[in-house]
Every structure is written in C-alpha cells, then in structure tokens.
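The file my_file.cif contains mmCIF, C-alpha atoms and all ligand atoms:
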```cif
data_model
loop_
_atom_site.label_atom_id
_atom_site.label_comp_id
_atom_site.auth_asym_id
_atom_site.auth_seq_id
_atom_site.Cartn_x
_atom_site.Cartn_y
_atom_site.Cartn_z
CA MET A 1 -26.17 -3.41 19.88
CA GLN A 2 -25.37 -5.98 17.17
CA LEU A 3 -23.79 -5.72 13.76
CA THR A 4 -23.72 -8.42 11.08
CA ILE A 5 -21.20 -8.03 8.26
CA THR A 6 -19.85 -10.13 5.42
CA LYS A 7 -17.04 -12.24 6.84
CA PRO A 8 -13.84 -10.16 6.76
CA ASP A 9 -10.36 -10.94 5.42
CA ASP A 10 -7.00 -9.80 6.80
CA TRP A 11 -4.86 -8.34 4.00
CA HIS A 12 -1.62 -8.21 6.08
CA LEU A 13 -0.75 -10.92 8.60
CA HIS A 14 2.29 -12.54 10.23
CA LEU A 15 1.73 -16.14 11.34
CA ARG A 16 5.40 -17.18 11.87
CA ASP A 17 6.30 -20.87 11.49
CA GLY A 18 6.82 -24.14 13.35
CA ALA A 19 5.14 -24.52 16.73
CA ALA A 20 4.03 -20.85 16.66
CA LEU A 21 1.46 -21.82 14.03
CA ASN A 22 -0.36 -23.86 16.69
CA THR A 23 -1.19 -20.56 18.40
CA THR A 24 -1.44 -18.04 15.60
CA VAL A 25 -3.44 -19.78 12.87
CA ALA A 26 -6.56 -20.54 14.94
CA PHE A 27 -6.96 -16.94 16.13
CA THR A 28 -7.07 -15.62 12.58
CA ALA A 29 -9.14 -18.51 11.19
CA LYS A 30 -11.78 -17.83 13.84
CA GLN A 31 -12.72 -14.46 12.39
CA PHE A 32 -11.21 -14.12 8.93
CA GLN A 33 -11.98 -16.14 5.80
CA ARG A 34 -8.66 -15.33 4.11
CA ALA A 35 -5.41 -13.58 4.94
CA ILE A 36 -2.40 -12.33 3.01
CA ILE A 37 0.49 -14.10 4.71
CA MET A 38 3.69 -12.14 5.14
CA PRO A 39 6.85 -13.92 3.95
CA ASN A 40 9.34 -12.53 6.52
CA LEU A 41 10.21 -15.79 8.27
CA ALA A 42 13.68 -16.27 9.75
CA GLN A 43 14.35 -18.02 6.43
CA PRO A 44 12.28 -15.74 4.20
CA ILE A 45 9.83 -17.10 1.63
CA VAL A 46 11.77 -15.98 -1.42
CA ASN A 47 10.14 -18.15 -4.06
CA THR A 48 6.98 -19.96 -5.07
CA ALA A 49 8.14 -23.40 -3.93
CA LEU A 50 8.83 -22.09 -0.42
CA ALA A 51 5.47 -20.31 -0.41
CA ALA A 52 3.62 -23.49 -1.39
CA ALA A 53 5.38 -25.51 1.34
CA TYR A 54 4.69 -22.80 3.94
CA ARG A 55 1.04 -22.77 2.92
CA GLN A 56 0.83 -26.51 3.62
CA ARG A 57 2.31 -25.99 7.11
CA ILE A 58 -0.32 -23.33 7.80
CA LEU A 59 -3.13 -25.58 6.56
CA SER A 60 -1.83 -28.41 8.78
CA ALA A 61 -2.18 -26.13 11.81
CA LEU A 62 -5.82 -25.24 11.04
CA PRO A 63 -8.61 -26.43 13.32
CA ALA A 64 -10.40 -29.36 11.61
CA SER A 65 -13.64 -27.51 10.88
CA SER A 66 -12.00 -24.42 9.39
CA ASP A 67 -12.06 -23.43 5.72
CA PHE A 68 -9.69 -20.46 6.23
CA GLN A 69 -7.54 -19.75 3.16
CA PRO A 70 -3.96 -18.48 3.46
CA LEU A 71 -3.03 -16.28 0.48
CA MET A 72 0.71 -16.51 0.01
CA THR A 73 3.30 -13.88 -0.89
CA ILE A 74 6.96 -13.95 -1.83
CA TYR A 75 9.74 -11.83 -0.36
CA LEU A 76 11.75 -9.71 -2.79
CA THR A 77 15.53 -9.74 -2.43
CA ASN A 78 18.41 -8.31 -4.46
CA ASN A 79 18.50 -11.69 -6.21
CA THR A 80 14.84 -12.14 -7.13
CA SER A 81 14.65 -13.08 -10.80
CA VAL A 82 12.17 -12.10 -13.47
CA GLU A 83 11.49 -15.81 -13.97
CA GLU A 84 10.55 -16.13 -10.28
CA ILE A 85 8.02 -13.31 -10.64
CA ARG A 86 6.52 -15.06 -13.65
CA GLN A 87 6.21 -18.32 -11.72
CA ALA A 88 4.74 -16.63 -8.67
CA SER A 89 2.15 -14.78 -10.74
CA GLN A 90 1.05 -18.02 -12.40
CA HIS A 91 0.76 -20.02 -9.17
CA LYS A 92 -2.78 -20.31 -7.82
CA ASP A 93 -1.73 -19.76 -4.20
CA VAL A 94 0.60 -16.74 -4.60
CA PHE A 95 -1.07 -13.33 -4.62
CA ALA A 96 1.63 -10.69 -4.22
CA ALA A 97 5.30 -9.89 -3.65
CA LYS A 98 6.53 -7.95 -0.62
CA LEU A 99 9.23 -5.33 -0.65
CA TYR A 100 11.14 -4.95 2.61
CA PRO A 101 13.97 -2.43 2.55
CA ALA A 102 16.90 -4.30 4.14
CA GLY A 103 16.99 -3.68 7.88
CA ALA A 104 13.60 -1.94 8.06
CA THR A 105 11.96 -4.41 10.44
CA THR A 106 11.75 -7.98 11.78
CA ASN A 107 13.53 -10.51 9.53
CA SER A 108 14.32 -7.99 6.84
CA ALA A 109 18.06 -8.59 6.72
CA ASN A 110 17.59 -10.30 3.35
CA GLY A 111 15.51 -7.43 2.05
CA VAL A 112 16.35 -5.08 -0.75
CA THR A 113 19.39 -2.79 -0.43
CA ASP A 114 18.93 -0.89 -3.71
CA VAL A 115 15.29 -0.36 -4.61
CA SER A 116 16.10 1.19 -7.98
CA ALA A 117 17.93 -1.99 -9.05
CA LEU A 118 14.60 -3.80 -8.87
CA SER A 119 13.16 -2.07 -11.94
CA PRO A 120 13.13 -5.24 -14.09
CA ILE A 121 11.23 -6.99 -11.29
CA PHE A 122 8.65 -4.21 -11.03
CA GLU A 123 8.36 -4.25 -14.82
CA GLU A 124 7.57 -7.96 -14.77
CA MET A 125 5.15 -7.56 -11.86
CA GLN A 126 3.33 -4.88 -13.80
CA LYS A 127 3.22 -7.15 -16.87
CA CYS A 128 1.97 -10.15 -14.85
CA ASP A 129 -0.35 -7.96 -12.75
CA LEU A 130 1.19 -9.25 -9.50
CA PRO A 131 0.57 -6.68 -6.72
CA LEU A 132 3.55 -5.06 -4.99
CA LEU A 133 3.19 -4.81 -1.21
CA VAL A 134 5.52 -2.26 0.34
CA HIS A 135 6.99 -1.77 3.79
CA ALA A 136 7.37 1.94 3.14
CA GLU A 137 10.18 3.05 5.46
CA VAL A 138 13.73 4.13 4.71
CA THR A 139 16.41 2.63 6.88
CA ASP A 140 19.00 5.43 6.75
CA VAL A 141 20.39 5.96 10.25
CA ASP A 142 20.32 9.71 9.74
CA ILE A 143 16.56 9.80 9.07
CA ASP A 144 14.46 10.24 12.20
CA ILE A 145 12.35 7.16 12.92
CA PHE A 146 9.15 9.24 12.87
CA ASP A 147 9.99 10.52 9.35
CA ARG A 148 10.92 7.22 7.74
CA GLU A 149 7.60 6.56 6.03
CA GLN A 150 7.38 9.95 4.39
CA ALA A 151 11.05 9.73 3.38
CA PHE A 152 10.43 6.39 1.66
CA ILE A 153 7.46 7.77 -0.24
CA ASP A 154 9.46 10.78 -1.42
CA LYS A 155 12.69 8.92 -2.19
CA TYR A 156 11.39 5.64 -3.70
CA LEU A 157 7.67 5.08 -3.86
CA ALA A 158 6.84 8.16 -5.91
CA ALA A 159 9.35 7.02 -8.56
CA ILE A 160 8.07 3.42 -8.61
CA ARG A 161 4.55 4.77 -8.96
CA GLN A 162 5.56 6.99 -11.85
CA ASP A 163 7.69 4.42 -13.68
CA PHE A 164 5.16 1.57 -13.45
CA PRO A 165 1.76 3.24 -13.78
CA GLN A 166 -0.25 0.02 -14.07
CA LEU A 167 1.46 -1.82 -11.18
CA ARG A 168 -0.94 -2.43 -8.30
CA ILE A 169 0.71 -1.18 -5.12
CA VAL A 170 -0.34 -1.57 -1.49
CA LEU A 171 1.33 0.83 0.93
CA GLU A 172 1.19 -1.51 3.92
CA HIS A 173 0.33 -0.33 7.44
CA ALA A 174 0.07 3.37 6.50
CA THR A 175 0.80 5.60 9.49
CA THR A 176 0.93 9.20 8.29
CA GLN A 177 -1.16 11.88 6.64
CA GLN A 178 1.44 11.88 3.84
CA ALA A 179 0.85 8.18 3.17
CA ILE A 180 -2.90 8.76 3.01
CA ASP A 181 -2.41 11.67 0.61
CA PHE A 182 -0.11 9.59 -1.59
CA VAL A 183 -2.70 6.83 -1.84
CA LEU A 184 -5.48 9.29 -2.58
CA GLU A 185 -3.47 10.99 -5.32
CA ASN A 186 -2.40 7.88 -7.22
CA HIS A 187 -4.17 5.28 -9.34
CA HIS A 188 -3.81 1.56 -8.61
CA THR A 189 -2.57 2.47 -5.14
CA ALA A 190 -4.17 1.28 -1.90
CA ALA A 191 -3.22 1.04 1.78
CA THR A 192 -3.86 -1.30 4.66
CA LEU A 193 -4.53 0.21 8.07
CA THR A 194 -3.81 -1.56 11.37
CA PRO A 195 -5.86 -1.46 14.58
CA GLN A 196 -2.94 -0.12 16.61
CA HIS A 197 -2.34 2.84 14.30
CA LEU A 198 -6.08 3.62 14.24
CA LEU A 199 -6.44 3.42 18.04
CA PHE A 200 -3.17 4.75 19.41
CA ASN A 201 -0.69 7.56 18.99
CA ARG A 202 2.91 7.79 20.18
CA ASN A 203 1.87 8.87 23.66
CA ASP A 204 0.43 5.39 24.10
CA LEU A 205 3.92 4.06 23.46
CA LEU A 206 6.01 6.52 25.46
CA ALA A 207 4.08 8.76 27.88
CA GLY A 208 4.12 7.65 31.51
CA GLY A 209 6.44 4.72 30.78
CA VAL A 210 7.58 2.65 27.81
CA ARG A 211 4.87 0.23 26.68
CA PRO A 212 6.60 -2.46 24.68
CA HIS A 213 3.38 -4.14 23.56
CA ASN A 214 2.48 -0.95 21.69
CA TYR A 215 5.80 -0.92 19.84
CA CYS A 216 5.62 -1.78 16.17
CA LEU A 217 7.06 -0.58 12.89
CA PRO A 218 6.28 1.81 11.40
CA ILE A 219 6.26 3.38 14.85
CA LEU A 220 3.08 5.00 16.22
CA LYS A 221 2.90 8.64 15.16
CA ARG A 222 1.39 11.81 16.63
CA GLU A 223 -2.36 12.31 17.04
CA THR A 224 -2.86 14.37 13.85
CA HIS A 225 -1.68 11.36 11.83
CA ARG A 226 -3.93 8.96 13.74
CA LEU A 227 -6.89 11.19 12.98
CA ALA A 228 -5.98 11.17 9.27
CA LEU A 229 -5.91 7.36 9.30
CA VAL A 230 -9.30 7.14 11.02
CA LYS A 231 -10.74 9.57 8.50
CA ALA A 232 -9.42 7.46 5.60
CA ALA A 233 -10.59 4.15 7.10
CA THR A 234 -14.09 5.41 7.81
CA SER A 235 -14.46 7.40 4.57
CA GLY A 236 -15.83 4.51 2.53
CA ASN A 237 -13.03 5.00 0.00
CA PRO A 238 -12.12 1.54 -1.42
CA LYS A 239 -8.41 2.44 -1.46
CA PHE A 240 -8.26 1.75 2.28
CA PHE A 241 -8.84 -1.70 3.71
CA LEU A 242 -8.19 -3.97 6.66
CA GLY A 243 -4.72 -5.38 7.29
CA THR A 244 -3.92 -6.08 10.91
CA ASP A 245 -0.15 -6.55 10.68
CA SER A 246 -0.70 -8.81 13.69
CA ALA A 247 2.93 -9.70 14.47
CA PRO A 248 3.45 -12.11 17.36
CA HIS A 249 6.64 -12.05 19.40
CA ALA A 250 7.08 -13.92 22.70
CA THR A 251 6.42 -11.78 25.78
CA GLU A 252 10.07 -11.89 26.82
CA ALA A 253 11.20 -10.73 23.38
CA LYS A 254 8.97 -7.65 23.74
CA GLU A 255 9.61 -6.92 27.44
CA ASN A 256 13.31 -6.68 26.81
CA SER A 257 16.10 -4.09 26.83
CA CYS A 258 15.97 -4.33 23.03
CA GLY A 259 12.37 -5.31 22.41
CA CYS A 260 11.00 -6.65 19.12
CA ALA A 261 8.62 -4.63 16.95
CA GLY A 262 5.12 -5.97 16.44
CA CYS A 263 1.68 -5.96 18.09
CA PHE A 264 -0.25 -9.21 18.40
CA THR A 265 -3.83 -8.21 17.53
CA ALA A 266 -5.21 -11.39 15.98
CA HIS A 267 -6.95 -12.42 19.22
CA ALA A 268 -9.39 -9.48 18.82
CA ALA A 269 -8.78 -7.92 15.43
CA ILE A 270 -12.28 -7.25 14.10
CA GLU A 271 -13.35 -6.27 17.62
CA LEU A 272 -10.63 -3.59 17.71
CA TYR A 273 -11.64 -2.25 14.30
CA ALA A 274 -15.30 -2.21 15.38
CA GLU A 275 -14.28 -0.02 18.31
CA VAL A 276 -12.53 2.42 15.96
CA PHE A 277 -15.52 2.67 13.62
CA ASP A 278 -17.97 2.88 16.54
CA LYS A 279 -16.03 5.77 18.14
CA ALA A 280 -15.98 7.54 14.75
CA LYS A 281 -19.76 6.98 14.43
CA ALA A 282 -19.09 5.13 11.20
CA LEU A 283 -20.12 1.53 11.92
CA ASP A 284 -21.95 1.55 8.59
CA LYS A 285 -18.55 1.83 6.88
CA LEU A 286 -16.94 -1.15 8.67
CA GLU A 287 -18.14 -3.82 6.24
CA GLY A 288 -16.69 -2.13 3.15
CA PHE A 289 -13.34 -1.65 4.87
CA SER A 290 -13.13 -5.13 6.34
CA SER A 291 -14.89 -7.29 3.75
CA PHE A 292 -15.29 -5.61 0.34
CA TYR A 293 -12.42 -3.32 -0.65
CA GLY A 294 -9.61 -5.83 -0.02
CA PRO A 295 -11.00 -8.56 -2.28
CA ASP A 296 -11.96 -5.93 -4.86
CA PHE A 297 -8.37 -4.66 -4.99
CA TYR A 298 -6.94 -8.19 -5.17
CA GLN A 299 -9.57 -9.09 -7.80
CA LEU A 300 -10.98 -11.91 -5.70
CA PRO A 301 -14.63 -12.68 -4.91
CA ARG A 302 -16.15 -11.17 -1.78
CA ASN A 303 -16.96 -13.69 0.94
CA LYS A 304 -20.44 -15.22 1.20
CA GLN A 305 -20.46 -16.01 4.94
CA THR A 306 -21.28 -13.46 7.62
CA LEU A 307 -19.96 -12.56 11.06
CA THR A 308 -21.95 -10.97 13.86
CA LEU A 309 -20.46 -8.59 16.41
CA SER A 310 -22.11 -7.41 19.57
CA LYS A 311 -21.23 -4.45 21.75
CA GLU A 312 -20.31 -6.38 24.89
CA SER A 313 -17.10 -5.87 26.75
CA TRP A 314 -14.56 -8.60 27.54
CA GLN A 315 -11.05 -8.74 28.85
CA ALA A 316 -8.27 -10.53 26.97
CA PRO A 317 -6.20 -12.91 29.12
CA VAL A 318 -2.83 -11.73 30.44
CA ASN A 319 -1.19 -13.97 27.89
CA TYR A 320 -1.60 -16.97 25.61
CA THR A 321 0.62 -20.04 25.35
CA PHE A 322 3.15 -19.60 22.54
CA ASP A 323 5.12 -22.81 22.12
CA SER A 324 7.21 -22.97 25.31
CA GLN A 325 6.78 -19.22 25.90
CA THR A 326 3.89 -16.78 26.25
CA LEU A 327 2.35 -14.22 23.93
CA THR A 328 0.97 -10.98 25.35
CA PRO A 329 -2.01 -9.65 23.38
CA PHE A 330 -2.35 -6.03 22.33
CA ARG A 331 -4.63 -3.83 24.52
CA GLN A 332 -4.51 -6.48 27.24
CA ASP A 333 -4.76 -3.87 30.00
CA THR A 334 -8.10 -2.37 28.90
CA PRO A 335 -11.36 -4.25 28.26
CA LEU A 336 -12.32 -4.68 24.63
CA GLN A 337 -15.71 -3.23 23.73
CA TRP A 338 -16.94 -5.56 20.99
CA THR A 339 -17.37 -9.35 20.96
CA ILE A 340 -17.90 -11.88 18.16
CA LYS A 341 -21.19 -13.73 18.61
O1 LIG B 401 6.11 -4.13 13.88
C1 LIG B 401 6.31 -4.87 12.95
N1 LIG B 401 6.46 -6.21 13.10
N2 LIG B 401 6.42 -4.35 11.72
C2 LIG B 401 6.79 -5.08 10.67
O2 LIG B 401 6.91 -4.54 9.61
C3 LIG B 401 7.12 -6.51 10.82
C4 LIG B 401 6.49 -7.09 11.99
C5 LIG B 401 7.06 -8.44 12.39
O3 LIG B 401 7.23 -9.29 11.51
O4 LIG B 401 7.31 -8.65 13.58
ZN ZN B 402 3.83 -6.64 8.70
#
```
Can you present the structure in this file as structure tokens?
Ligand code: DOR
Ligand code: ZN
Amino acid sequence: MQLTITKPDDWHLHLRDGAALNTTVAFTAKQFQRAIIMPNLAQPIVNTALAAAYRQRILSALPASSDFQPLMTIYLTNNTSVEEIRQASQHKDVFAAKLYPAGATTNSANGVTDVSALSPIFEEMQKCDLPLLVHAEVTDVDIDIFDREQAFIDKYLAAIRQDFPQLRIVLEHATTQQAIDFVLENHHTAATLTPQHLLFNRNDLLAGGVRPHNYCLPILKRETHRLALVKAATSGNPKFFLGTDSAPHATEAKENSCGCAGCFTAHAAIELYAEVFDKAKALDKLEGFSSFYGPDFYQLPRNKQTLTLSKESWQAPVNYTFDSQTLTPFRQDTPLQWTIK
C-alpha cells in the first residue's frame, strides 16, 4: 500500500545546538519542509537577534541539497519586553513566542514564574498577531504529575484565553481529554499532537519495567486520554496538527538514575503518524493533519512538494551517533510499519 501526501511540516521541534545539529537537522529536513524550532537551548533564545543567529547555525548544518526552512521562536521570560515582542513579530524568520512555566521541563529554568505578570506581553502579541505557544503544565510540587496539564488549563490558560480573545494560542503536545475539550471549545486555539502520545499510554512507560526512552513531558497518560488524542487527530478538525516534540537527549542522559525527558522521534516521525492513522482507519485524514492545518493556522502557504509513504516495515538502528555520544531513537525495539519512498 502506498500513500502520497503534500510534504508535511513539523510544528514543534527541538534541534538543540552545536555539534548536535549535525545529527538532528538532517533527520527532520529529510521529511519535513518546515519546522517550528523550540527556543529552549541551554542559553535560551530570548530575543530576535539570538533567534536569527540560531537559524543561521541550523542552516549551516543542512545537507547541501536541502531547502528545509527553520521557523524560529523566542522564549518568554519574566524580563521579556513589549519592544522585543514587536521586533519578533516584524522579523521575517520569527513565527511565535513560547511560554515555558519555570521548571516545567528541559531548560526551562529561565521560564516564567508568574504567568499573570505577562499580561502586557500577551496584549502586545495579540496586537501584533504573534502566536503564543504554551507548555501547558503547572510546576507546583503538590500537583500530581499526571494532573499538571489540566491544572495549567484551569489555573492559567482559561484566563489568558478569556483576557486575550484574538490571541492565537497553540496548546503544545496536548495529552489529555481536557486539553482536547479546551481546544474544541475556544476560538483561535489549536493543539499539536506528538507521535508518542498518540501511540503510547503510561503502561508503555512503567508496566513491566521503566522505559526511559518513552519518558517525556507532559508525561504519557492513561489509555482513555490516548484515545481522545487519536480521535482528535483523525477527526479532520483543523485545530489539531502535527508537532513531533522530537527532543533528543544522549542515550546515557536518558538511561540514568535521573533521566531526561524527551523522545527522539525525528528519525521516523511521519512513519509513526502514518501508523497511528492507519490503525484508526483514517489514512485519508493524515494529509490534513500533517500538511494543511499547521500552515493554515500559522497563515503560511501549504507546501507544493509531495512525499510518498509505503506500508513496508523497517527496524530503526539501536542508536545514532550524537556528537561524541549516542542517541537512542523512539520505538527502537519494535519494527516501524511505514517507510518513506
Ligand atoms: O519531554 C520533553 N522534552 N518535553 C519538553 O517539553 C521539552 C523537551 C526537551 O527539550 O527535551
Ligand atoms: Zn517540546
């Protein structure tokens, strides 16, 4: 069986920096035309100048024949200024600003400690029509890790949504029924969905042994939530689109007594999504999800090129070279069912 679709884009991607780019960039450029690049580097991309310089480093790591386009974002902090938002919104290579609650995930120490203090920033983003991308998890130690997404929606996101009705918001890597409902109920609100949250539930992380390569944030949830995500992804509703959240960490940083959060899926991203849509008998909905609804939300043209997938199984290697270390791909232990032609 074969399937030809408009070339997809990845609306949520971590490429890292330095020598890591020599591994990460080519995997994404091979299957995606564009990607929204997350700004959570060790030194976060907090302004337009840093974003432009980072973009150049990504382009320098591209294979010669590639015309992949990195779409840059800036990282909101307690010190982000209104003027910075204005500059970012006017720059041709910056497409959004990302809100990380401080301490929520990898490299979020410089994130926002008081979301409500950011009102002038959200006001300016609404005025400039710069999308707000949200890592929607509270960080309170007394909130159970499985409840952190819903708690963020209730405590912060609902108020942002209400106070800035025209602001375009992406609830990144949605993991719960409540997140899906929130997106469905609100205008100018969309969500990205990752392959790991569409394929796996928390048993795949914890039952029969801890599987560190399935650990990411927001954490995998129970099966009822996974089913809600699959239903949203395959519904043909343009509020839901592809964002891998591919997040490379060296093998030894994952297989560790305190392992890092993040699944590296870029080696087989569209193949993993094809498997989800195939299992749901919704392959006819894959193209909208992967290639149309993202650019429509970001008000960018849809791609002209195509990509052909075939239902042929292959096995990812045990690991890839990652600077002086290795990188273990997601779903390495089970053959993948779809292949790019
Ligand atoms: O699992 C995750 N890894 N979730 C995030 O939000 C960040 C990411 C990373 O940068 O490693
Ligand atoms: Zn991410």
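Once only C-alpha atoms and all ligand atoms are used for the distance check, the residues close to ligand ZN 402 (chain B) at 10 Å turn out to be His12, Leu13, His14, Ile37, Met38, Pro39, Asn40, Lys98, Tyr100, Thr105, Thr106, Val134, His135, Glu172, His173, Thr194, Cys216, Leu217, Pro218, Gly243, Thr244, Asp245, Ser246, Ala247, Ala261, Gly262 and Cys263 of chain A.
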Gln177 in chain A surroundings by all atoms listed in the file, 7 Å radius, close-in-sequence under 3 positions cut, as a short mmCIF file (atom, residue, chain, number, x, y, z; two decimals) with C-alpha atoms, in the coordinates of the input:
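Done, and the output landed in part_7.cif:
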```cif
data_model
loop_
_atom_site.label_atom_id
_atom_site.label_comp_id
_atom_site.auth_asym_id
_atom_site.auth_seq_id
_atom_site.Cartn_x
_atom_site.Cartn_y
_atom_site.Cartn_z
CA ILE A 180 -2.90 8.76 3.01
CA ASP A 181 -2.41 11.67 0.61
CA HIS A 225 -1.68 11.36 11.83
CA ALA A 228 -5.98 11.17 9.27
#
```
Worksheet item: Which of these residues is nearest to Pro329 in chain A, using only C-alpha atoms: A:Ile45, A:Val276, A:Thr251, A:Asp284?
Response: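 With only C-alpha atoms as the atom set, the closest residue is A:Thr251.
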What's the 6 Å shell around Leu307 in chain A, counting all atoms listed in the file, without same-chain residues fewer than 5 positions away, as a PDB file with C-alpha atoms, in the frame of the given file?
```pdb
ATOM      1  CA  THR A   4     -23.720  -8.420  11.080  1.00  0.00           C
ATOM      2  CA  ILE A   5     -21.200  -8.030   8.260  1.00  0.00           C
ATOM      3  CA  LYS A   7     -17.040 -12.240   6.840  1.00  0.00           C
TER       4      LYS A   7
END
```
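Here the question is which of A:Ala136, A:Val82, A:Ile270, A:Ala253 gets nearest to Ala191 in chain A using all atoms listed in the file, and that residue is A:Ala136.
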Worksheet item: Which residue gives the smallest distance to Val170 in chain A among A:Arg55, A:His197, A:Lys239, A:Lys281, with only C-alpha atoms counted?
Response: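 Among A:Arg55, A:His197, A:Lys239, A:Lys281, it is A:Lys239 that comes nearest to Val170 in chain A.
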Discussion item. If we draw a sphere of 8 Å around (0.5, -16.5, -3.8), which residues have at least one atom in it when counting only C-alpha atoms? Please report them as JSON, numbers by chain.
Written reply: {"A": [48, 51, 71, 72, 73, 74, 88, 89, 91, 92, 93, 94, 95, 96]}
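Of the listed residues A:Lys254, A:Lys285, A:Arg161, A:His249, the one whose atoms come nearest to ligand LIG 401 (chain B) is A:His249, with distances taken using only C-alpha atoms and all ligand atoms.
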Practice prompt. Record the distance separating CA of Ala158 in chain A and CA of Trp11 in chain A, expressed in Å with one decimal.
Written response: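 For CA of Ala158 in chain A relative to CA of Trp11 in chain A, the distance reads 22.5 Å.
Checking A:Asp333, A:Glu223, A:Asp323, A:Asp296 one by one against Leu21 in chain A, counting only C-alpha atoms, you find the shortest gap at A:Asp323.
Checking A:Thr189, A:Asn319, A:Thr334, A:Asn107 one by one against ligand LIG 401 (chain B), counting all atoms listed in the file, you find the shortest gap at A:Asn107.
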Item to complete: State, in Å with one decimal place, the distance from CA of Arg168 in chain A to CA of Leu132 in chain A.
Response: 6.2 Å
Practice prompt. Name the residues within 12 Å of (-16.4, -2.7, 2.1), counting only C-alpha atoms in the file's coordinates, and put them as an NGL selection string.
Written response: :A and (5-9 or 233-242 or 283-297 or 302-303)
Could you write out the selected residues, including C-alpha atoms, as a CSV table (one decimal), keeping the file's coordinate frame?
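Contents of again-v8.csv, freshly written:
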```csv
chain,number,residue,atom,x,y,z
A,5,ILE,CA,-21.2,-8.0,8.3
A,6,THR,CA,-19.8,-10.1,5.4
A,7,LYS,CA,-17.0,-12.2,6.8
A,8,PRO,CA,-13.8,-10.2,6.8
A,9,ASP,CA,-10.4,-10.9,5.4
A,233,ALA,CA,-10.6,4.2,7.1
A,234,THR,CA,-14.1,5.4,7.8
A,235,SER,CA,-14.5,7.4,4.6
A,236,GLY,CA,-15.8,4.5,2.5
A,237,ASN,CA,-13.0,5.0,0.0
A,238,PRO,CA,-12.1,1.5,-1.4
A,239,LYS,CA,-8.4,2.4,-1.5
A,240,PHE,CA,-8.3,1.8,2.3
A,241,PHE,CA,-8.8,-1.7,3.7
A,242,LEU,CA,-8.2,-4.0,6.7
A,283,LEU,CA,-20.1,1.5,11.9
A,284,ASP,CA,-22.0,1.6,8.6
A,285,LYS,CA,-18.6,1.8,6.9
A,286,LEU,CA,-16.9,-1.2,8.7
A,287,GLU,CA,-18.1,-3.8,6.2
A,288,GLY,CA,-16.7,-2.1,3.2
A,289,PHE,CA,-13.3,-1.6,4.9
A,290,SER,CA,-13.1,-5.1,6.3
A,291,SER,CA,-14.9,-7.3,3.8
A,292,PHE,CA,-15.3,-5.6,0.3
A,293,TYR,CA,-12.4,-3.3,-0.6
A,294,GLY,CA,-9.6,-5.8,0.0
A,295,PRO,CA,-11.0,-8.6,-2.3
A,296,ASP,CA,-12.0,-5.9,-4.9
A,297,PHE,CA,-8.4,-4.7,-5.0
A,302,ARG,CA,-16.2,-11.2,-1.8
A,303,ASN,CA,-17.0,-13.7,0.9
```
For range 264-275 of chain A, which lacks atoms in the input, supply N, CA and C atoms and format the output as a PDB file, in the frame of the given file.
```pdb
ATOM      1  N   PHE A 264       0.592  -8.047  18.677  1.00  0.00           N
ATOM      2  CA  PHE A 264      -0.250  -9.210  18.400  1.00  0.00           C
ATOM      3  C   PHE A 264      -1.707  -8.816  18.590  1.00  0.00           C
ATOM      4  N   THR A 265      -2.430  -8.677  17.485  1.00  0.00           N
ATOM      5  CA  THR A 265      -3.830  -8.210  17.530  1.00  0.00           C
ATOM      6  C   THR A 265      -4.822  -9.259  17.043  1.00  0.00           C
ATOM      7  N   ALA A 266      -4.314 -10.414  16.625  1.00  0.00           N
ATOM      8  CA  ALA A 266      -5.210 -11.390  15.980  1.00  0.00           C
ATOM      9  C   ALA A 266      -6.244 -11.966  16.942  1.00  0.00           C
ATOM     10  N   HIS A 267      -5.992 -11.874  18.248  1.00  0.00           N
ATOM     11  CA  HIS A 267      -6.950 -12.420  19.220  1.00  0.00           C
ATOM     12  C   HIS A 267      -8.256 -11.624  19.214  1.00  0.00           C
ATOM     13  N   ALA A 268      -8.214 -10.356  18.717  1.00  0.00           N
ATOM     14  CA  ALA A 268      -9.390  -9.480  18.820  1.00  0.00           C
ATOM     15  C   ALA A 268      -9.429  -8.472  17.674  1.00  0.00           C
ATOM     16  N   ALA A 269      -8.998  -8.898  16.498  1.00  0.00           N
ATOM     17  CA  ALA A 269      -8.780  -7.920  15.430  1.00  0.00           C
ATOM     18  C   ALA A 269     -10.060  -7.197  15.014  1.00  0.00           C
ATOM     19  N   ILE A 270     -11.076  -7.939  14.595  1.00  0.00           N
ATOM     20  CA  ILE A 270     -12.280  -7.250  14.100  1.00  0.00           C
ATOM     21  C   ILE A 270     -12.951  -6.476  15.237  1.00  0.00           C
ATOM     22  N   GLU A 271     -12.787  -6.974  16.455  1.00  0.00           N
ATOM     23  CA  GLU A 271     -13.350  -6.270  17.620  1.00  0.00           C
ATOM     24  C   GLU A 271     -12.672  -4.902  17.789  1.00  0.00           C
ATOM     25  N   LEU A 272     -11.357  -4.856  17.586  1.00  0.00           N
ATOM     26  CA  LEU A 272     -10.630  -3.590  17.710  1.00  0.00           C
ATOM     27  C   LEU A 272     -11.044  -2.613  16.611  1.00  0.00           C
ATOM     28  N   TYR A 273     -11.183  -3.119  15.391  1.00  0.00           N
ATOM     29  CA  TYR A 273     -11.640  -2.250  14.300  1.00  0.00           C
ATOM     30  C   TYR A 273     -13.057  -1.746  14.569  1.00  0.00           C
ATOM     31  N   ALA A 274     -13.918  -2.626  15.096  1.00  0.00           N
ATOM     32  CA  ALA A 274     -15.300  -2.210  15.380  1.00  0.00           C
ATOM     33  C   ALA A 274     -15.293  -1.040  16.371  1.00  0.00           C
ATOM     34  N   GLU A 275     -14.390  -1.108  17.329  1.00  0.00           N
ATOM     35  CA  GLU A 275     -14.280  -0.020  18.310  1.00  0.00           C
ATOM     36  C   GLU A 275     -13.895   1.295  17.626  1.00  0.00           C
TER      37      GLU A 275
END
```
